[in-house]
Amino acid sequence: MVAVNYVGEELWSFYNAPWEKRVDLARQLMDIAEQLTNNDFDFALYLLDVSFDNFAVGPRDGKVIIVDAENVLVADKRQIKQDKPENYDVWYESRFEECDREACLSFSKEALCSRVTVDHNYYAVCQNLLSQYATWRGTTGGLLHNPPAHIAKDGQLEALLDECTKPKKHYGRFQAAKELREYLTRLSAASSSAMAR
């Protein structure tokens with residue numbers, strides 16, 4: 001027996017939504033990545049299958065929901081700190097790899113389960129959902145494709161997405177993810193206040 005519940009349209013259906021809506025969804029996705037990585041329970045939940053059809057958007061509140069959590073790796077950070085495996089306290093950076101398929105990720109289960117600080121969820125969301133590297137159903141460019149001219153012109157969004165996906169600096173993804181969340185929050189707030197006027 002399989003139980004199915006309709007929680008909203010899949011994220012994919014918002015690929016061509018108005019820019020403001022896509023920014024809000026991207027901000028929520030980055031917030032989810034942060035909450036799954038760093039939380040009060042000291043358990044990291046690493047999403048191993050990140051694609052547009054594994055997320056939905058609630059019809060009433062517009063909240064992003066994970067609808068397929070079949071491929072999640074759970075890491076007990078307290079246990080890792082207690083066991084102290086080799087390099088447990090060294091930050092782990094996921095390695096970017098070019099891919100010619102949809103929604104592919106490279107990851108090391110061993111590293112995810114033996115390090116306290118890991119950037120995997122940021123990498124997964126940026127690469128497979130938000131950045132120019134995101135491909136789905138024959139499209140490219142991710143949820144944040146074709147930003148308005150003033151956003152594209154200043155280059156900050158593109159730089160943050162690039163660093164979050166394919167970092168040039170050592171530990172660059174950690175900082176880029178933090179700055180991207182802040183940037184998207186500012187864009188969302190600006191959109192909300194403009195719409196309220």
# chains A, B, ... in the order shown; residues from 1 in each chain; ligands from 1
call {"tool": "select_by_dssp", "arguments": {"residues": "stretch 78-151 of chain A", "states": "alpha helix (DSSP H)", "output": "ChimeraX atom specification"}}
result
/A:78-83,109-112,120-125,149-151
call {"tool": "closest_atom_pairs", "arguments": {"of": "stretch 112-142 of chain A", "to": "stretch 43-52 of chain A", "cutoff": "8 Å", "atoms": "only C-alpha atoms", "output": "Markdown table"}}
result
| residue | atom | partner | partner_atom | distance |
| --- | --- | --- | --- | --- |
| A:Leu112 | CA | A:Tyr46 | CA | 7.8 |
| A:His120 | CA | A:Tyr46 | CA | 6.8 |
| A:Asn121 | CA | A:Tyr46 | CA | 6.0 |
| A:Ala124 | CA | A:Val50 | CA | 6.3 |
| A:Val125 | CA | A:Val50 | CA | 6.8 |
| A:Asn128 | CA | A:Ser51 | CA | 6.2 |
| A:Leu129 | CA | A:Ser51 | CA | 6.6 |
| A:Trp136 | CA | A:Phe52 | CA | 7.4 |
call {"tool": "write_last_selection", "arguments": {"atoms": "all heavy atoms", "output": "tab-separated table (two decimals), in the first residue's frame"}}
result
chain	number	residue	atom	x	y	z
A	112	LEU	N	30.74	12.67	4.73
A	112	LEU	CA	29.54	13.23	5.33
A	112	LEU	C	29.30	12.68	6.74
A	112	LEU	O	28.77	13.37	7.60
A	112	LEU	CB	28.31	12.95	4.45
A	112	LEU	CG	28.30	13.57	3.06
A	112	LEU	CD1	27.03	13.17	2.31
A	112	LEU	CD2	28.43	15.07	3.11
A	120	HIS	N	27.70	20.16	2.02
A	120	HIS	CA	26.98	19.38	1.00
A	120	HIS	C	25.61	19.96	0.63
A	120	HIS	O	25.28	20.05	-0.55
A	120	HIS	CB	26.82	17.92	1.44
A	120	HIS	CG	25.98	17.14	0.49
A	120	HIS	ND1	26.48	16.62	-0.68
A	120	HIS	CD2	24.66	16.82	0.50
A	120	HIS	CE1	25.52	16.02	-1.34
A	120	HIS	NE2	24.40	16.12	-0.64
A	121	ASN	N	24.79	20.30	1.60
A	121	ASN	CA	23.43	20.78	1.28
A	121	ASN	C	23.46	22.10	0.51
A	121	ASN	O	22.64	22.30	-0.39
A	121	ASN	CB	22.59	20.91	2.55
A	121	ASN	CG	22.14	19.57	3.09
A	121	ASN	OD1	21.95	18.62	2.34
A	121	ASN	ND2	21.99	19.48	4.39
A	124	ALA	N	24.43	21.13	-3.01
A	124	ALA	CA	23.35	20.43	-3.71
A	124	ALA	C	22.27	21.41	-4.18
A	124	ALA	O	21.81	21.33	-5.33
A	124	ALA	CB	22.74	19.37	-2.78
A	125	VAL	N	21.86	22.32	-3.32
A	125	VAL	CA	20.81	23.29	-3.68
A	125	VAL	C	21.33	24.24	-4.76
A	125	VAL	O	20.65	24.50	-5.75
A	125	VAL	CB	20.30	24.05	-2.44
A	125	VAL	CG1	19.45	25.25	-2.82
A	125	VAL	CG2	19.49	23.11	-1.55
A	128	ASN	N	22.07	22.07	-8.19
A	128	ASN	CA	20.96	21.39	-8.86
A	128	ASN	C	19.67	22.18	-8.96
A	128	ASN	O	18.78	21.78	-9.71
A	128	ASN	CB	20.67	20.06	-8.16
A	128	ASN	CG	21.69	19.01	-8.51
A	128	ASN	OD1	22.65	19.26	-9.23
A	128	ASN	ND2	21.50	17.81	-8.00
A	129	LEU	N	19.57	23.30	-8.23
A	129	LEU	CA	18.31	24.04	-8.26
A	129	LEU	C	18.45	25.52	-8.63
A	129	LEU	O	17.54	26.08	-9.22
A	129	LEU	CB	17.60	23.93	-6.91
A	129	LEU	CG	17.25	22.53	-6.44
A	129	LEU	CD1	16.64	22.57	-5.05
A	129	LEU	CD2	16.33	21.83	-7.42
A	136	TRP	N	17.21	20.67	-15.91
A	136	TRP	CA	16.02	19.87	-15.61
A	136	TRP	C	15.08	19.94	-16.80
A	136	TRP	O	14.78	21.04	-17.29
A	136	TRP	CB	15.33	20.39	-14.34
A	136	TRP	CG	14.30	19.45	-13.82
A	136	TRP	CD1	12.95	19.63	-13.82
A	136	TRP	CD2	14.53	18.18	-13.23
A	136	TRP	NE1	12.31	18.55	-13.26
A	136	TRP	CE2	13.26	17.64	-12.89
A	136	TRP	CE3	15.66	17.42	-12.95
A	136	TRP	CZ2	13.11	16.39	-12.29
A	136	TRP	CZ3	15.51	16.19	-12.35
A	136	TRP	CH2	14.25	15.69	-12.03
call {"tool": "closest_residue", "arguments": {"among": "A:Leu160, A:Ala152, A:Ala33, A:Tyr6", "to": "A:Pro59", "atoms": "only C-alpha atoms"}}
result
A:Tyr6
call {"tool": "residues_around", "arguments": {"residues": "A:Arg173", "least_positions_apart": "2", "cutoff": "8 Å", "atoms": "only C-alpha atoms", "output": "PyMOL selection string"}}
result
chain A and resi 93+119+122-123+163-167+169+171+175-177
call {"tool": "write_last_selection", "arguments": {"atoms": "C-alpha atoms", "output": "PDB file, in the first residue's frame"}}
result
ATOM      1  CA  GLU A  93      34.073  20.905   0.958  1.00  0.00           C
ATOM      2  CA  ASP A 119      28.863  22.115   2.867  1.00  0.00           C
ATOM      3  CA  TYR A 122      24.511  24.239   0.093  1.00  0.00           C
ATOM      4  CA  TYR A 123      26.334  22.631  -2.825  1.00  0.00           C
ATOM      5  CA  GLU A 163      31.083  30.444  -5.604  1.00  0.00           C
ATOM      6  CA  CYS A 164      28.340  28.374  -3.969  1.00  0.00           C
ATOM      7  CA  THR A 165      28.425  25.869  -6.816  1.00  0.00           C
ATOM      8  CA  LYS A 166      32.037  25.840  -7.976  1.00  0.00           C
ATOM      9  CA  PRO A 167      34.148  27.633  -5.355  1.00  0.00           C
ATOM     10  CA  LYS A 169      38.412  30.091  -2.762  1.00  0.00           C
ATOM     11  CA  TYR A 171      36.040  27.107   1.982  1.00  0.00           C
ATOM     12  CA  GLN A 175      30.821  32.011   2.951  1.00  0.00           C
ATOM     13  CA  ALA A 176      29.000  32.200  -0.385  1.00  0.00           C
ATOM     14  CA  ALA A 177      26.037  30.225   0.986  1.00  0.00           C
TER      15      ALA A 177
END
call {"tool": "select_by_dssp", "arguments": {"residues": "stretch 10-168 of chain A", "states": "strand (DSSP E)", "output": "short mmCIF file (atom, residue, chain, number, x, y, z; two decimals) with all heavy atoms, in the first residue's frame"}}
result
data_model
loop_
_atom_site.label_atom_id
_atom_site.label_comp_id
_atom_site.auth_asym_id
_atom_site.auth_seq_id
_atom_site.Cartn_x
_atom_site.Cartn_y
_atom_site.Cartn_z
N GLU A 10 4.82 20.88 -7.77
CA GLU A 10 6.25 20.64 -7.64
C GLU A 10 7.01 21.92 -7.98
O GLU A 10 6.53 22.78 -8.73
CB GLU A 10 6.71 19.46 -8.48
CG GLU A 10 6.58 19.61 -9.96
CD GLU A 10 7.08 18.37 -10.70
OE1 GLU A 10 6.94 17.24 -10.18
OE2 GLU A 10 7.59 18.55 -11.81
N PHE A 43 22.02 16.93 14.54
CA PHE A 43 21.96 15.92 13.49
C PHE A 43 21.95 16.67 12.17
O PHE A 43 21.15 17.57 11.97
CB PHE A 43 20.67 15.08 13.57
CG PHE A 43 20.73 13.99 14.58
CD1 PHE A 43 20.24 14.19 15.86
CD2 PHE A 43 21.27 12.75 14.25
CE1 PHE A 43 20.28 13.18 16.80
CE2 PHE A 43 21.32 11.73 15.19
CZ PHE A 43 20.83 11.95 16.47
N ALA A 44 22.84 16.29 11.28
CA ALA A 44 22.81 16.86 9.93
C ALA A 44 22.05 15.89 9.04
O ALA A 44 22.25 14.67 9.11
CB ALA A 44 24.23 17.06 9.40
N LEU A 45 21.17 16.42 8.24
CA LEU A 45 20.41 15.63 7.27
C LEU A 45 20.88 16.06 5.89
O LEU A 45 20.59 17.18 5.46
CB LEU A 45 18.92 15.86 7.42
CG LEU A 45 18.35 15.55 8.81
CD1 LEU A 45 16.97 16.15 8.98
CD2 LEU A 45 18.32 14.06 9.03
N TYR A 46 21.63 15.20 5.22
CA TYR A 46 22.19 15.55 3.92
C TYR A 46 21.32 14.98 2.81
O TYR A 46 21.09 13.78 2.73
CB TYR A 46 23.63 15.03 3.79
CG TYR A 46 24.54 15.64 4.82
CD1 TYR A 46 25.15 14.85 5.79
CD2 TYR A 46 24.78 17.01 4.83
CE1 TYR A 46 26.00 15.41 6.73
CE2 TYR A 46 25.61 17.58 5.77
CZ TYR A 46 26.22 16.78 6.73
OH TYR A 46 27.04 17.34 7.67
N LEU A 47 20.84 15.88 1.96
CA LEU A 47 19.99 15.50 0.84
C LEU A 47 20.88 14.95 -0.28
O LEU A 47 21.76 15.64 -0.78
CB LEU A 47 19.21 16.71 0.33
CG LEU A 47 18.29 17.38 1.35
CD1 LEU A 47 17.73 18.68 0.80
CD2 LEU A 47 17.18 16.43 1.75
N PHE A 55 10.77 18.64 -4.42
CA PHE A 55 10.28 19.75 -3.61
C PHE A 55 8.94 20.19 -4.17
O PHE A 55 8.71 20.10 -5.37
CB PHE A 55 11.25 20.94 -3.65
CG PHE A 55 12.58 20.65 -3.03
CD1 PHE A 55 13.59 20.07 -3.77
CD2 PHE A 55 12.82 20.95 -1.70
CE1 PHE A 55 14.83 19.79 -3.21
CE2 PHE A 55 14.06 20.68 -1.12
CZ PHE A 55 15.06 20.10 -1.88
N ALA A 56 8.09 20.67 -3.28
CA ALA A 56 6.80 21.22 -3.71
C ALA A 56 6.62 22.57 -3.01
O ALA A 56 7.35 22.90 -2.07
CB ALA A 56 5.66 20.28 -3.35
N VAL A 57 5.62 23.30 -3.48
CA VAL A 57 5.31 24.61 -2.91
C VAL A 57 3.87 24.57 -2.43
O VAL A 57 2.95 24.30 -3.22
CB VAL A 57 5.53 25.73 -3.95
CG1 VAL A 57 5.17 27.08 -3.35
CG2 VAL A 57 6.97 25.72 -4.45
N VAL A 64 8.13 26.17 0.69
CA VAL A 64 8.78 25.04 0.03
C VAL A 64 8.79 23.86 1.00
O VAL A 64 9.10 24.00 2.18
CB VAL A 64 10.22 25.39 -0.40
CG1 VAL A 64 10.93 24.18 -0.96
CG2 VAL A 64 10.21 26.52 -1.42
N ILE A 65 8.44 22.69 0.46
CA ILE A 65 8.35 21.46 1.25
C ILE A 65 9.16 20.38 0.55
O ILE A 65 9.08 20.25 -0.67
CB ILE A 65 6.88 21.00 1.34
CG1 ILE A 65 5.98 22.10 1.88
CG2 ILE A 65 6.74 19.73 2.17
CD1 ILE A 65 4.52 21.93 1.50
N ILE A 66 9.91 19.62 1.32
CA ILE A 66 10.59 18.46 0.76
C ILE A 66 9.55 17.36 0.64
O ILE A 66 8.92 16.99 1.63
CB ILE A 66 11.75 17.98 1.66
CG1 ILE A 66 12.79 19.09 1.82
CG2 ILE A 66 12.38 16.71 1.11
CD1 ILE A 66 13.85 18.81 2.87
N VAL A 72 18.24 10.45 1.98
CA VAL A 72 18.78 11.38 2.96
C VAL A 72 19.77 10.63 3.84
O VAL A 72 19.48 9.52 4.29
CB VAL A 72 17.66 11.99 3.85
CG1 VAL A 72 18.24 12.83 4.97
CG2 VAL A 72 16.71 12.80 3.00
N LEU A 73 20.91 11.22 4.05
CA LEU A 73 21.90 10.63 4.95
C LEU A 73 21.86 11.41 6.25
O LEU A 73 21.92 12.64 6.24
CB LEU A 73 23.29 10.72 4.31
CG LEU A 73 24.39 9.97 5.05
CD1 LEU A 73 25.35 9.38 4.04
CD2 LEU A 73 25.11 10.88 6.00
N VAL A 74 21.73 10.72 7.37
CA VAL A 74 21.67 11.35 8.69
C VAL A 74 23.02 11.18 9.36
O VAL A 74 23.52 10.06 9.49
CB VAL A 74 20.56 10.72 9.56
CG1 VAL A 74 20.52 11.37 10.93
CG2 VAL A 74 19.21 10.82 8.87
N ALA A 75 23.61 12.30 9.79
CA ALA A 75 24.89 12.26 10.50
C ALA A 75 24.70 12.83 11.90
O ALA A 75 24.17 13.94 12.07
CB ALA A 75 25.93 13.06 9.74
N ASP A 76 25.09 12.07 12.88
CA ASP A 76 25.00 12.48 14.29
C ASP A 76 26.27 13.25 14.64
O ASP A 76 27.32 12.67 14.88
CB ASP A 76 24.85 11.24 15.17
CG ASP A 76 24.66 11.57 16.64
OD1 ASP A 76 24.98 12.71 17.06
OD2 ASP A 76 24.23 10.67 17.38
N THR A 135 20.21 21.74 -14.42
CA THR A 135 19.49 21.34 -15.63
C THR A 135 18.31 20.47 -15.23
O THR A 135 18.41 19.66 -14.31
CB THR A 135 20.40 20.53 -16.60
OG1 THR A 135 20.88 19.37 -15.92
CG2 THR A 135 21.58 21.36 -17.06
N TRP A 136 17.21 20.67 -15.91
CA TRP A 136 16.02 19.87 -15.61
C TRP A 136 15.08 19.94 -16.80
O TRP A 136 14.78 21.04 -17.29
CB TRP A 136 15.33 20.39 -14.34
CG TRP A 136 14.30 19.45 -13.82
CD1 TRP A 136 12.95 19.63 -13.82
CD2 TRP A 136 14.53 18.18 -13.23
NE1 TRP A 136 12.31 18.55 -13.26
CE2 TRP A 136 13.26 17.64 -12.89
CE3 TRP A 136 15.66 17.42 -12.95
CZ2 TRP A 136 13.11 16.39 -12.29
CZ3 TRP A 136 15.51 16.19 -12.35
CH2 TRP A 136 14.25 15.69 -12.03
N THR A 139 15.97 22.17 -19.70
CA THR A 139 16.29 23.58 -19.45
C THR A 139 17.58 23.69 -18.65
O THR A 139 18.00 22.73 -18.01
CB THR A 139 15.18 24.30 -18.67
OG1 THR A 139 15.10 23.71 -17.37
CG2 THR A 139 13.85 24.21 -19.37
N THR A 140 18.17 24.86 -18.68
CA THR A 140 19.35 25.13 -17.86
C THR A 140 19.17 26.48 -17.19
O THR A 140 18.28 27.24 -17.53
CB THR A 140 20.64 25.17 -18.72
OG1 THR A 140 20.48 26.17 -19.71
CG2 THR A 140 20.93 23.83 -19.36
#
call {"tool": "residues_around", "arguments": {"residues": "stretch 154-158 of chain A", "least_positions_apart": "6", "cutoff": "9 Å", "atoms": "only C-alpha atoms", "output": "number ranges by chain"}}
result
A: 131-132, 144, 147, 180, 183-184
call {"tool": "write_last_selection", "arguments": {"atoms": "N, CA and C atoms", "output": "mmCIF file, in the first residue's frame"}}
result
data_model
loop_
_atom_site.group_PDB
_atom_site.id
_atom_site.type_symbol
_atom_site.label_atom_id
_atom_site.label_comp_id
_atom_site.auth_asym_id
_atom_site.auth_seq_id
_atom_site.Cartn_x
_atom_site.Cartn_y
_atom_site.Cartn_z
ATOM 1 N N SER A 131 21.667 27.482 -9.724
ATOM 2 C CA SER A 131 22.734 28.066 -10.543
ATOM 3 C C SER A 131 22.616 27.753 -12.030
ATOM 4 N N GLN A 132 23.537 28.309 -12.788
ATOM 5 C CA GLN A 132 23.606 28.055 -14.224
ATOM 6 C C GLN A 132 23.852 26.576 -14.539
ATOM 7 N N LEU A 144 17.006 30.653 -10.605
ATOM 8 C CA LEU A 144 17.346 32.075 -10.655
ATOM 9 C C LEU A 144 17.830 32.511 -12.033
ATOM 10 N N PRO A 147 17.790 36.922 -14.384
ATOM 11 C CA PRO A 147 17.420 37.944 -13.404
ATOM 12 C C PRO A 147 17.145 39.277 -14.096
ATOM 13 N N LEU A 180 24.701 34.402 0.153
ATOM 14 C CA LEU A 180 23.583 34.197 -0.765
ATOM 15 C C LEU A 180 22.261 34.215 -0.010
ATOM 16 N N TYR A 183 21.596 37.812 0.812
ATOM 17 C CA TYR A 183 21.265 38.552 -0.404
ATOM 18 C C TYR A 183 19.826 38.258 -0.850
ATOM 19 N N LEU A 184 19.460 36.980 -0.861
ATOM 20 C CA LEU A 184 18.104 36.596 -1.256
ATOM 21 C C LEU A 184 17.068 37.130 -0.263
#
call {"tool": "residues_around", "arguments": {"residues": "stretch 78-92 of chain A", "least_positions_apart": "3", "cutoff": "6 Å", "atoms": "only C-alpha atoms", "output": "list of chain:residue names"}}
result
A:Ser114, A:Arg115, A:Val116, A:Thr117, A:Val118
call {"tool": "atom_distance", "arguments": {"atom1": "atom CA of A:Lys153", "atom2": "atom CA of A:Gln127"}}
result
21.7 Å
call {"tool": "closest_residue", "arguments": {"among": "A:Glu70, A:Asp53, A:Ser191, A:Glu179", "to": "A:Ser13", "atoms": "only C-alpha atoms"}}
result
A:Asp53
call {"tool": "residues_around", "arguments": {"residues": "A:Ala189", "least_positions_apart": "5", "cutoff": "12 Å", "atoms": "only C-alpha atoms", "output": "PyMOL selection string"}}
result
chain A and resi 20-21+23-24+27+182-184+194-196
call {"tool": "atom_distance", "arguments": {"atom1": "atom CA of A:Glu9", "atom2": "atom CA of A:Gly58"}}
result
7.1 Å
